$ cat upload-v7.tsv   # TSV, C-alpha atoms and all ligand atoms
chain	number	residue	atom	x	y	z
G	1	MET	CA	91.59	93.41	106.54
G	2	THR	CA	93.83	94.64	109.34
G	3	GLU	CA	95.00	97.96	108.02
G	4	ARG	CA	94.59	101.00	110.18
G	5	PHE	CA	92.64	104.01	109.00
G	6	ALA	CA	92.63	106.80	111.56
G	7	VAL	CA	93.21	110.41	112.48
G	8	GLU	CA	95.28	111.37	115.49
G	9	ASN	CA	95.03	114.68	117.30
G	10	LEU	CA	93.45	116.20	114.22
G	11	THR	CA	92.73	119.91	114.05
G	12	LYS	CA	91.48	121.77	111.00
G	13	ASP	CA	91.07	125.55	111.01
G	14	TYR	CA	89.47	127.66	108.31
G	15	GLY	CA	90.84	131.02	109.32
G	16	PRO	CA	89.21	131.79	112.67
G	17	VAL	CA	86.80	128.83	112.38
G	18	VAL	CA	87.97	125.65	114.08
G	19	ALA	CA	86.10	123.01	112.07
G	20	VAL	CA	87.73	120.01	113.79
G	21	ASP	CA	89.38	120.41	117.17
G	22	GLY	CA	91.85	117.80	118.45
G	23	VAL	CA	90.06	114.65	117.29
G	24	ASP	CA	91.25	111.04	117.52
G	25	LEU	CA	89.22	108.53	115.56
G	26	SER	CA	89.91	105.07	114.22
G	27	ILE	CA	87.74	103.34	111.66
G	28	GLU	CA	87.08	99.63	112.12
G	29	PRO	CA	86.09	96.84	109.78
G	30	GLY	CA	82.80	95.00	110.12
G	31	VAL	CA	80.66	97.74	111.61
G	32	VAL	CA	78.22	100.41	110.49
G	33	HIS	CA	79.74	103.45	112.12
G	34	CYS	CA	77.49	106.49	112.31
G	35	LEU	CA	79.21	109.87	112.49
G	36	ALA	CA	76.49	112.13	113.81
G	37	GLY	CA	76.21	115.75	114.89
G	38	PRO	CA	74.37	118.94	113.96
G	39	ASN	CA	75.17	120.97	110.86
G	40	GLY	CA	78.56	122.65	111.20
G	41	SER	CA	79.87	120.18	113.79
G	42	GLY	CA	82.79	119.11	111.58
G	43	LYS	CA	81.64	115.79	110.07
G	44	SER	CA	82.38	116.63	106.43
G	45	THR	CA	85.73	118.16	107.31
G	46	LEU	CA	86.72	115.04	109.23
G	47	LEU	CA	85.69	112.78	106.34
G	48	GLY	CA	87.54	115.06	103.91
G	49	VAL	CA	90.72	114.74	105.95
G	50	LEU	CA	90.40	110.95	106.13
G	51	LEU	CA	90.05	110.85	102.36
G	52	GLY	CA	93.02	113.12	101.78
G	53	LEU	CA	90.92	115.91	100.28
G	54	VAL	CA	91.32	118.35	103.16
G	55	ARG	CA	94.74	119.11	104.56
G	56	PRO	CA	94.92	119.08	108.37
G	57	THR	CA	96.17	122.14	110.26
G	58	GLU	CA	97.58	119.87	112.96
G	59	GLY	CA	97.68	116.15	113.61
G	60	ARG	CA	98.14	113.03	111.56
G	61	VAL	CA	96.21	110.80	109.21
G	62	VAL	CA	97.02	107.11	109.07
G	63	ARG	CA	95.72	105.86	105.75
G	64	PRO	CA	95.67	102.21	104.66
G	65	ALA	CA	97.89	101.08	101.79
G	66	SER	CA	94.79	99.65	100.12
G	67	ASP	CA	93.30	101.93	97.49
G	68	ARG	CA	89.94	100.28	97.98
G	69	ILE	CA	88.38	103.33	99.56
G	70	GLY	CA	84.95	104.37	98.33
G	71	ALA	CA	83.23	107.63	99.09
G	72	SER	CA	80.26	109.81	98.40
G	73	PHE	CA	79.97	113.45	99.35
G	74	GLN	CA	77.25	116.00	99.84
G	75	GLU	CA	77.98	117.27	96.31
G	76	PRO	CA	77.70	114.43	93.77
G	77	ALA	CA	80.72	113.95	91.48
G	78	PHE	CA	80.06	112.52	88.01
G	79	TYR	CA	79.96	113.59	84.37
G	80	ASP	CA	76.87	115.77	83.88
G	81	ASP	CA	76.94	115.54	80.08
G	82	LEU	CA	77.06	111.74	79.97
G	83	THR	CA	74.07	109.50	80.51
G	84	VAL	CA	73.80	107.39	83.64
G	85	ARG	CA	74.80	104.35	81.61
G	86	GLU	CA	77.86	106.12	80.18
G	87	ASN	CA	78.90	107.28	83.65
G	88	LEU	CA	78.67	103.67	84.85
G	89	ASP	CA	80.87	102.55	81.95
G	90	VAL	CA	83.51	105.20	82.66
G	91	PHE	CA	83.61	104.49	86.39
G	92	ARG	CA	83.62	100.73	85.85
G	93	ALA	CA	86.75	101.10	83.76
G	94	LEU	CA	88.31	103.35	86.42
G	95	ALA	CA	87.45	100.75	89.06
G	96	GLY	CA	89.34	98.09	87.09
G	97	ASP	CA	86.32	96.34	85.56
G	98	PRO	CA	84.60	94.90	88.63
G	99	ASP	CA	82.55	91.72	88.50
G	100	ILE	CA	79.40	92.32	86.46
G	101	GLU	CA	77.16	90.63	89.06
G	102	TRP	CA	78.42	93.13	91.62
G	103	VAL	CA	77.66	96.03	89.29
G	104	LYS	CA	74.14	94.69	88.75
G	105	GLU	CA	73.61	94.32	92.48
G	106	VAL	CA	74.62	97.89	93.22
G	107	VAL	CA	72.54	99.25	90.33
G	108	GLU	CA	69.57	97.32	91.76
G	109	VAL	CA	70.09	98.66	95.31
G	110	PHE	CA	69.96	102.21	93.97
G	111	LYS	CA	67.24	101.60	91.39
G	112	LEU	CA	69.26	103.09	88.58
G	113	SER	CA	67.93	101.08	85.64
G	114	ARG	CA	64.91	103.38	85.47
G	115	VAL	CA	67.17	106.30	84.50
G	116	PHE	CA	69.89	104.55	82.46
G	117	HIS	CA	69.40	106.74	79.42
G	118	ARG	CA	68.92	110.06	81.15
G	119	ARG	CA	71.65	112.70	81.06
G	120	ALA	CA	73.24	112.64	84.53
G	121	GLY	CA	73.12	116.44	84.82
G	122	GLU	CA	69.32	116.32	84.51
G	123	LEU	CA	68.70	113.83	87.31
G	124	SER	CA	66.60	114.76	90.34
G	125	GLY	CA	68.37	115.25	93.70
G	126	GLY	CA	67.46	111.72	94.73
G	127	TYR	CA	68.70	110.02	91.56
G	128	SER	CA	71.89	112.15	91.57
G	129	LYS	CA	72.62	110.81	95.02
G	130	GLN	CA	71.77	107.27	93.95
G	131	LEU	CA	74.13	107.49	90.97
G	132	ASP	CA	76.89	108.96	93.12
G	133	LEU	CA	76.53	106.20	95.74
G	134	THR	CA	76.59	103.55	93.02
G	135	LEU	CA	79.79	104.95	91.51
G	136	GLY	CA	81.41	105.04	94.97
G	137	LEU	CA	80.66	101.35	95.43
G	138	LEU	CA	81.78	99.99	92.06
G	139	LYS	CA	85.24	98.95	93.20
G	140	SER	CA	83.75	97.14	96.24
G	141	PRO	CA	85.75	99.26	98.68
G	142	ASP	CA	87.12	97.84	101.94
G	143	PHE	CA	86.47	101.27	103.42
G	144	LEU	CA	83.23	103.02	102.52
G	145	LEU	CA	82.80	106.61	103.69
G	146	LEU	CA	79.46	108.25	102.94
G	147	ASP	CA	78.74	111.87	103.78
G	148	GLU	CA	75.01	112.43	104.44
G	149	PRO	CA	73.89	109.69	102.04
G	150	LEU	CA	70.31	109.65	103.33
G	151	ALA	CA	69.58	113.31	102.78
G	152	ASP	CA	67.96	113.21	99.31
G	153	LEU	CA	66.67	109.65	99.21
G	154	ASP	CA	63.01	108.58	99.18
G	155	ASP	CA	61.87	106.16	101.90
G	156	VAL	CA	62.09	103.03	99.75
G	157	THR	CA	65.63	103.73	98.52
G	158	ARG	CA	66.68	104.75	102.01
G	159	GLU	CA	65.54	101.37	103.38
G	160	SER	CA	67.29	99.63	100.52
G	161	LEU	CA	70.54	101.49	101.28
G	162	LEU	CA	70.39	100.79	105.03
G	163	GLU	CA	69.80	97.09	104.45
G	164	PHE	CA	72.66	97.03	101.96
G	165	LEU	CA	75.04	98.82	104.37
G	166	GLU	CA	74.25	96.36	107.17
G	167	GLY	CA	75.10	93.44	104.90
G	168	TYR	CA	78.18	95.14	103.49
G	169	ALA	CA	79.62	95.80	106.95
G	170	ALA	CA	78.77	92.24	108.02
G	171	GLU	CA	81.04	91.00	105.21
G	172	GLY	CA	83.94	92.68	107.03
G	173	ASN	CA	84.07	96.07	105.34
G	174	ALA	CA	84.35	99.36	107.21
G	175	VAL	CA	81.27	101.54	106.70
G	176	VAL	CA	81.18	105.13	107.97
G	177	VAL	CA	78.01	107.15	107.43
G	178	SER	CA	77.63	110.76	108.47
G	179	SER	CA	74.26	112.23	109.28
G	180	HIS	CA	72.94	115.34	111.00
G	181	ARG	CA	69.95	113.26	112.13
G	182	ILE	CA	70.28	109.82	113.61
G	183	ASP	CA	66.65	108.68	113.54
G	184	ALA	CA	67.07	106.78	110.29
G	185	LEU	CA	70.44	105.29	111.21
G	186	ALA	CA	69.70	104.33	114.81
G	187	PRO	CA	68.26	100.90	113.88
G	188	VAL	CA	71.35	99.78	111.92
G	189	LEU	CA	74.32	101.44	113.57
G	190	ASP	CA	76.93	99.36	115.45
G	191	ARG	CA	78.94	102.34	116.62
G	192	LEU	CA	77.96	105.95	117.21
G	193	THR	CA	80.34	108.91	117.25
G	194	VAL	CA	78.75	112.27	118.01
G	195	MET	CA	80.50	115.50	117.06
G	196	HIS	CA	79.70	118.94	118.37
G	197	GLU	CA	81.57	122.14	117.50
G	198	GLY	CA	84.51	120.18	116.07
G	199	GLU	CA	84.93	117.84	119.01
G	200	ILE	CA	83.90	114.26	119.66
G	201	VAL	CA	81.46	114.37	122.55
G	202	LEU	CA	80.44	110.71	122.49
G	203	ASP	CA	81.90	107.54	120.98
G	204	GLY	CA	80.50	104.13	121.79
G	205	ARG	CA	79.40	100.73	120.54
G	206	ARG	CA	75.76	99.76	120.34
G	207	GLU	CA	76.28	97.29	123.23
G	208	GLU	CA	77.37	100.25	125.34
G	209	ILE	CA	74.41	102.38	124.26
G	210	ASP	CA	71.76	99.62	124.17
G	211	GLY	CA	68.57	100.30	122.23
G	212	THR	CA	67.30	102.69	119.58
G	213	GLU	CA	65.45	104.96	122.01
G	214	THR	CA	68.54	105.16	124.18
G	215	ILE	CA	70.71	106.02	121.18
G	216	ARG	CA	68.38	108.91	120.34
G	217	ARG	CA	68.41	110.14	123.93
G	218	VAL	CA	72.19	109.78	124.27
G	219	TYR	CA	72.63	111.71	121.02
G	220	ARG	CA	70.42	114.58	122.21
G	221	GLU	CA	72.09	114.67	125.60
G	222	ALA	CA	75.60	114.55	124.15
G	223	ILE	CA	74.85	117.69	122.19
G	224	ALA	CA	72.87	119.43	124.94
G	225	GLU	CA	75.53	118.89	127.59
G	226	SER	CA	78.54	119.98	125.56
X	301	LIG	P1	79.22	119.33	109.06
X	301	LIG	O1	79.57	118.44	107.94
X	301	LIG	O2	79.09	118.63	110.38
X	301	LIG	O3	78.00	120.16	108.77
X	301	LIG	P2	81.54	120.90	108.26
X	301	LIG	O4	82.76	120.06	108.40
X	301	LIG	O5	80.97	121.05	106.91
X	301	LIG	O6	80.43	120.35	109.29
X	301	LIG	O7	81.83	122.35	108.82
X	301	LIG	C1	82.44	122.59	110.09
X	301	LIG	C2	82.70	124.08	110.22
X	301	LIG	O8	83.71	124.47	109.30
X	301	LIG	C3	81.50	124.96	109.92
X	301	LIG	O9	81.55	126.08	110.77
X	301	LIG	C4	81.71	125.36	108.48
X	301	LIG	O10	81.10	126.59	108.19
X	301	LIG	C5	83.23	125.45	108.40
X	301	LIG	N1	83.76	125.14	107.07
X	301	LIG	C6	83.67	123.95	106.43
X	301	LIG	N2	84.27	123.98	105.24
X	301	LIG	C7	84.77	125.23	105.11
X	301	LIG	C8	85.53	125.90	104.07
X	301	LIG	N3	85.90	125.28	102.95
X	301	LIG	N4	85.86	127.19	104.29
X	301	LIG	C9	85.51	127.82	105.43
X	301	LIG	N5	84.82	127.26	106.44
X	301	LIG	C10	84.44	125.98	106.28
X	302	MG	MG	78.53	117.99	106.25
$ encode --input "upload-v7.tsv" --output "structure tokens"
Amino acid sequence: MTERFAVENLTKDYGPVVAVDGVDLSIEPGVVHCLAGPNGSGKSTLLGVLLGLVRPTEGRVVRPASDRIGASFQEPAFYDDLTVRENLDVFRALAGDPDIEWVKEVVEVFKLSRVFHRRAGELSGGYSKQLDLTLGLLKSPDFLLLDEPLADLDDVTRESLLEFLEGYAAEGNAVVVSSHRIDALAPVLDRLTVMHEGEIVLDGRREEIDGTETIRRVYREAIAES
């Protein structure tokens, strides 16, 4: 996978609010890339622009020709009136009938078999997130962009997701995960980008930021100093 997926000189205003302010960012294959920053720092807006859901005020998006882009947002998107199982069937068809072993693997990661026959609209916050993440992964995307995926998950599912993401990136896929806290992601991230008030205040590889404690400190300092 050599296709470029990037934003160049991106600015997004909402009236007087500058949500993203002159950002350059390129997404790379083979790494778990953590997009961190406090609430309101512009993470969701940046992901929305990358995905073509938010129109930039200024700047450019370079999107790959591949349509194998998977995503999950803060607000889950599925059919509330269908059961979990029926949602899986619909999204499998939309994803071009992926390999059944792959579907089983993803369902297992997110522990969905326990709620197969529940109406999706009645799921708890955690299971809603788990269903949404599963649907985003069905087409085995080359580029996986997850907005705050850890927020509603219990500890066991969170560990399961982190382990899965590490393996998925190691297979050569691009994995971008936003989070307003980095504690949970620090152990698995290969690259850390910190946003603050719409700007990128830190962007580096793990080798450059050596160690989980250092990543936490660098993150705090990046925000404090800006
Ligand atoms: P984050 O995901 O880091 O919390 P967001 O991208 O959601 O940050 O928000 C960045 C800024 O843009 C915030 O000040 C937020 O209130 C504002 N914002 C985001 N979306 C909208 C919108 N649709 N309309 C108006 N303001 C918005
Ligand atoms: Mg957000």
$ residues_near_ligand --input "upload-v7.tsv" --ligand "ligand MG 302 (chain X)" --cutoff "8 Å" --atoms "all atoms listed in the file" --output "list in words"
Asn39, Gly40, Ser41, Gly42, Lys43, Ser44, Thr45, Gln74, Asp147, Glu148, Ser178, Ser179 and His180 of chain G
$ closest_residue --input "upload-v7.tsv" --among "G:Asp155, G:Glu221, G:Glu197, G:Glu3" --to "ligand LIG 301 (chain X)" --atoms "only C-alpha atoms and all ligand atoms"
G:Glu197
$ residues_around --input "upload-v7.tsv" --residues "stretch 61-68 of chain G" --least-positions-apart "3" --cutoff "8 Å" --atoms "all atoms listed in the file" --output "number ranges by chain"
G: 3-8, 10, 49-50, 139-143
$ write_last_selection --input "upload-v7.tsv" --atoms "C-alpha atoms" --output "compact mmCIF listing (two decimals), in the frame of the given file"
# COMPACT_ATOMS: atom_id res chain seq x y z
CA GLU G 3 95.00 97.96 108.02
CA ARG G 4 94.59 101.00 110.18
CA PHE G 5 92.64 104.01 109.00
CA ALA G 6 92.63 106.80 111.56
CA VAL G 7 93.21 110.41 112.48
CA GLU G 8 95.28 111.37 115.49
CA LEU G 10 93.45 116.20 114.22
CA VAL G 49 90.72 114.74 105.95
CA LEU G 50 90.40 110.95 106.13
CA LYS G 139 85.24 98.95 93.20
CA SER G 140 83.75 97.14 96.24
CA PRO G 141 85.75 99.26 98.68
CA ASP G 142 87.12 97.84 101.94
CA PHE G 143 86.47 101.27 103.42
$ residues_around --input "upload-v7.tsv" --residues "G:Thr134" --least-positions-apart "5" --cutoff "9 Å" --atoms "all atoms listed in the file" --output "ChimeraX atom specification"
/G:88,103,106-107,109-110,112,129
$ write_last_selection --input "upload-v7.tsv" --atoms "C-alpha atoms" --output "mmCIF file, keeping the file's coordinate frame"
data_model
loop_
_atom_site.group_PDB
_atom_site.id
_atom_site.type_symbol
_atom_site.label_atom_id
_atom_site.label_comp_id
_atom_site.auth_asym_id
_atom_site.auth_seq_id
_atom_site.Cartn_x
_atom_site.Cartn_y
_atom_site.Cartn_z
ATOM 1 C CA LEU G 88 78.670 103.670 84.850
ATOM 2 C CA VAL G 103 77.660 96.030 89.290
ATOM 3 C CA VAL G 106 74.620 97.890 93.220
ATOM 4 C CA VAL G 107 72.540 99.250 90.330
ATOM 5 C CA VAL G 109 70.090 98.660 95.310
ATOM 6 C CA PHE G 110 69.960 102.210 93.970
ATOM 7 C CA LEU G 112 69.260 103.090 88.580
ATOM 8 C CA LYS G 129 72.620 110.810 95.020
#
$ atom_distance --input "upload-v7.tsv" --atom1 "atom O7 of ligand LIG 301 (chain X)" --atom2 "atom CA of G:Ala19"
5.4 Å
$ residues_around --input "upload-v7.tsv" --residues "G:Leu144" --least-positions-apart "2" --cutoff "9 Å" --atoms "all atoms listed in the file" --output "list in words"
Arg68, Ile69, Gly70, Ala71, Ser72, Gly136, Leu137, Ser140, Pro141, Asp142, Leu146, Asn173, Ala174, Val175, Val176 and Val177 of chain G
$ atom_distance --input "upload-v7.tsv" --atom1 "atom CA of G:Gly198" --atom2 "atom CA of G:Glu166"
27.4 Å
$ closest_residue --input "upload-v7.tsv" --among "G:Gly126, G:Gly167, G:Gly37, G:Pro29" --to "ligand LIG 301 (chain X)" --atoms "all atoms listed in the file"
G:Gly37
$ closest_residue --input "upload-v7.tsv" --among "G:Ile200, G:Arg181, G:Gly48, G:Arg205" --to "G:Asn9" --atoms "only C-alpha atoms"
G:Ile200
$ residues_around --input "upload-v7.tsv" --residues "G:Ala222" --least-positions-apart "6" --cutoff "9 Å" --atoms "all atoms listed in the file" --output "VMD selection string"
chain G and resid 194 to 196 201 to 202
$ build_atoms --input "upload-v7.tsv" --residues "stretch 99-119 of chain G" --atoms "N, CA and C atoms" --output "PDB file, in the coordinates of the input"
ATOM      1  N   ASP G  99      83.467  92.804  88.831  1.00  0.00           N
ATOM      2  CA  ASP G  99      82.550  91.720  88.500  1.00  0.00           C
ATOM      3  C   ASP G  99      81.179  92.262  88.100  1.00  0.00           C
ATOM      4  N   ILE G 100      80.646  91.767  86.993  1.00  0.00           N
ATOM      5  CA  ILE G 100      79.400  92.320  86.460  1.00  0.00           C
ATOM      6  C   ILE G 100      78.208  92.057  87.393  1.00  0.00           C
ATOM      7  N   GLU G 101      78.245  90.926  88.114  1.00  0.00           N
ATOM      8  CA  GLU G 101      77.160  90.630  89.060  1.00  0.00           C
ATOM      9  C   GLU G 101      77.132  91.677  90.179  1.00  0.00           C
ATOM     10  N   TRP G 102      78.313  92.100  90.586  1.00  0.00           N
ATOM     11  CA  TRP G 102      78.420  93.130  91.620  1.00  0.00           C
ATOM     12  C   TRP G 102      77.835  94.452  91.110  1.00  0.00           C
ATOM     13  N   VAL G 103      78.182  94.789  89.878  1.00  0.00           N
ATOM     14  CA  VAL G 103      77.660  96.030  89.290  1.00  0.00           C
ATOM     15  C   VAL G 103      76.137  95.983  89.249  1.00  0.00           C
ATOM     16  N   LYS G 104      75.603  94.838  88.825  1.00  0.00           N
ATOM     17  CA  LYS G 104      74.140  94.690  88.750  1.00  0.00           C
ATOM     18  C   LYS G 104      73.503  94.825  90.124  1.00  0.00           C
ATOM     19  N   GLU G 105      74.154  94.260  91.124  1.00  0.00           N
ATOM     20  CA  GLU G 105      73.610  94.320  92.480  1.00  0.00           C
ATOM     21  C   GLU G 105      73.522  95.765  92.972  1.00  0.00           C
ATOM     22  N   VAL G 106      74.599  96.513  92.746  1.00  0.00           N
ATOM     23  CA  VAL G 106      74.620  97.890  93.220  1.00  0.00           C
ATOM     24  C   VAL G 106      73.600  98.743  92.457  1.00  0.00           C
ATOM     25  N   VAL G 107      73.515  98.522  91.162  1.00  0.00           N
ATOM     26  CA  VAL G 107      72.540  99.250  90.330  1.00  0.00           C
ATOM     27  C   VAL G 107      71.124  98.972  90.824  1.00  0.00           C
ATOM     28  N   GLU G 108      70.883  97.728  91.246  1.00  0.00           N
ATOM     29  CA  GLU G 108      69.570  97.320  91.760  1.00  0.00           C
ATOM     30  C   GLU G 108      69.270  97.995  93.111  1.00  0.00           C
ATOM     31  N   VAL G 109      70.276  98.025  93.992  1.00  0.00           N
ATOM     32  CA  VAL G 109      70.090  98.660  95.310  1.00  0.00           C
ATOM     33  C   VAL G 109      69.631 100.106  95.121  1.00  0.00           C
ATOM     34  N   PHE G 110      70.244 100.793  94.158  1.00  0.00           N
ATOM     35  CA  PHE G 110      69.960 102.210  93.970  1.00  0.00           C
ATOM     36  C   PHE G 110      68.988 102.504  92.835  1.00  0.00           C
ATOM     37  N   LYS G 111      68.347 101.442  92.336  1.00  0.00           N
ATOM     38  CA  LYS G 111      67.240 101.600  91.390  1.00  0.00           C
ATOM     39  C   LYS G 111      67.588 102.475  90.192  1.00  0.00           C
ATOM     40  N   LEU G 112      68.773 102.209  89.644  1.00  0.00           N
ATOM     41  CA  LEU G 112      69.260 103.090  88.580  1.00  0.00           C
ATOM     42  C   LEU G 112      68.766 102.719  87.190  1.00  0.00           C
ATOM     43  N   SER G 113      68.275 101.490  87.005  1.00  0.00           N
ATOM     44  CA  SER G 113      67.930 101.080  85.640  1.00  0.00           C
ATOM     45  C   SER G 113      66.820 101.947  85.053  1.00  0.00           C
ATOM     46  N   ARG G 114      65.994 102.502  85.946  1.00  0.00           N
ATOM     47  CA  ARG G 114      64.910 103.380  85.470  1.00  0.00           C
ATOM     48  C   ARG G 114      65.418 104.640  84.768  1.00  0.00           C
ATOM     49  N   VAL G 115      66.662 105.032  85.061  1.00  0.00           N
ATOM     50  CA  VAL G 115      67.170 106.300  84.500  1.00  0.00           C
ATOM     51  C   VAL G 115      68.435 106.101  83.671  1.00  0.00           C
ATOM     52  N   PHE G 116      68.681 104.865  83.214  1.00  0.00           N
ATOM     53  CA  PHE G 116      69.890 104.550  82.460  1.00  0.00           C
ATOM     54  C   PHE G 116      70.198 105.532  81.339  1.00  0.00           C
ATOM     55  N   HIS G 117      69.148 105.962  80.633  1.00  0.00           N
ATOM     56  CA  HIS G 117      69.400 106.740  79.420  1.00  0.00           C
ATOM     57  C   HIS G 117      69.227 108.230  79.621  1.00  0.00           C
ATOM     58  N   ARG G 118      69.038 108.621  80.863  1.00  0.00           N
ATOM     59  CA  ARG G 118      68.920 110.060  81.150  1.00  0.00           C
ATOM     60  C   ARG G 118      70.306 110.684  81.265  1.00  0.00           C
ATOM     61  N   ARG G 119      70.405 111.963  80.883  1.00  0.00           N
ATOM     62  CA  ARG G 119      71.650 112.700  81.060  1.00  0.00           C
ATOM     63  C   ARG G 119      71.827 112.922  82.573  1.00  0.00           C
TER      64      ARG G 119
END
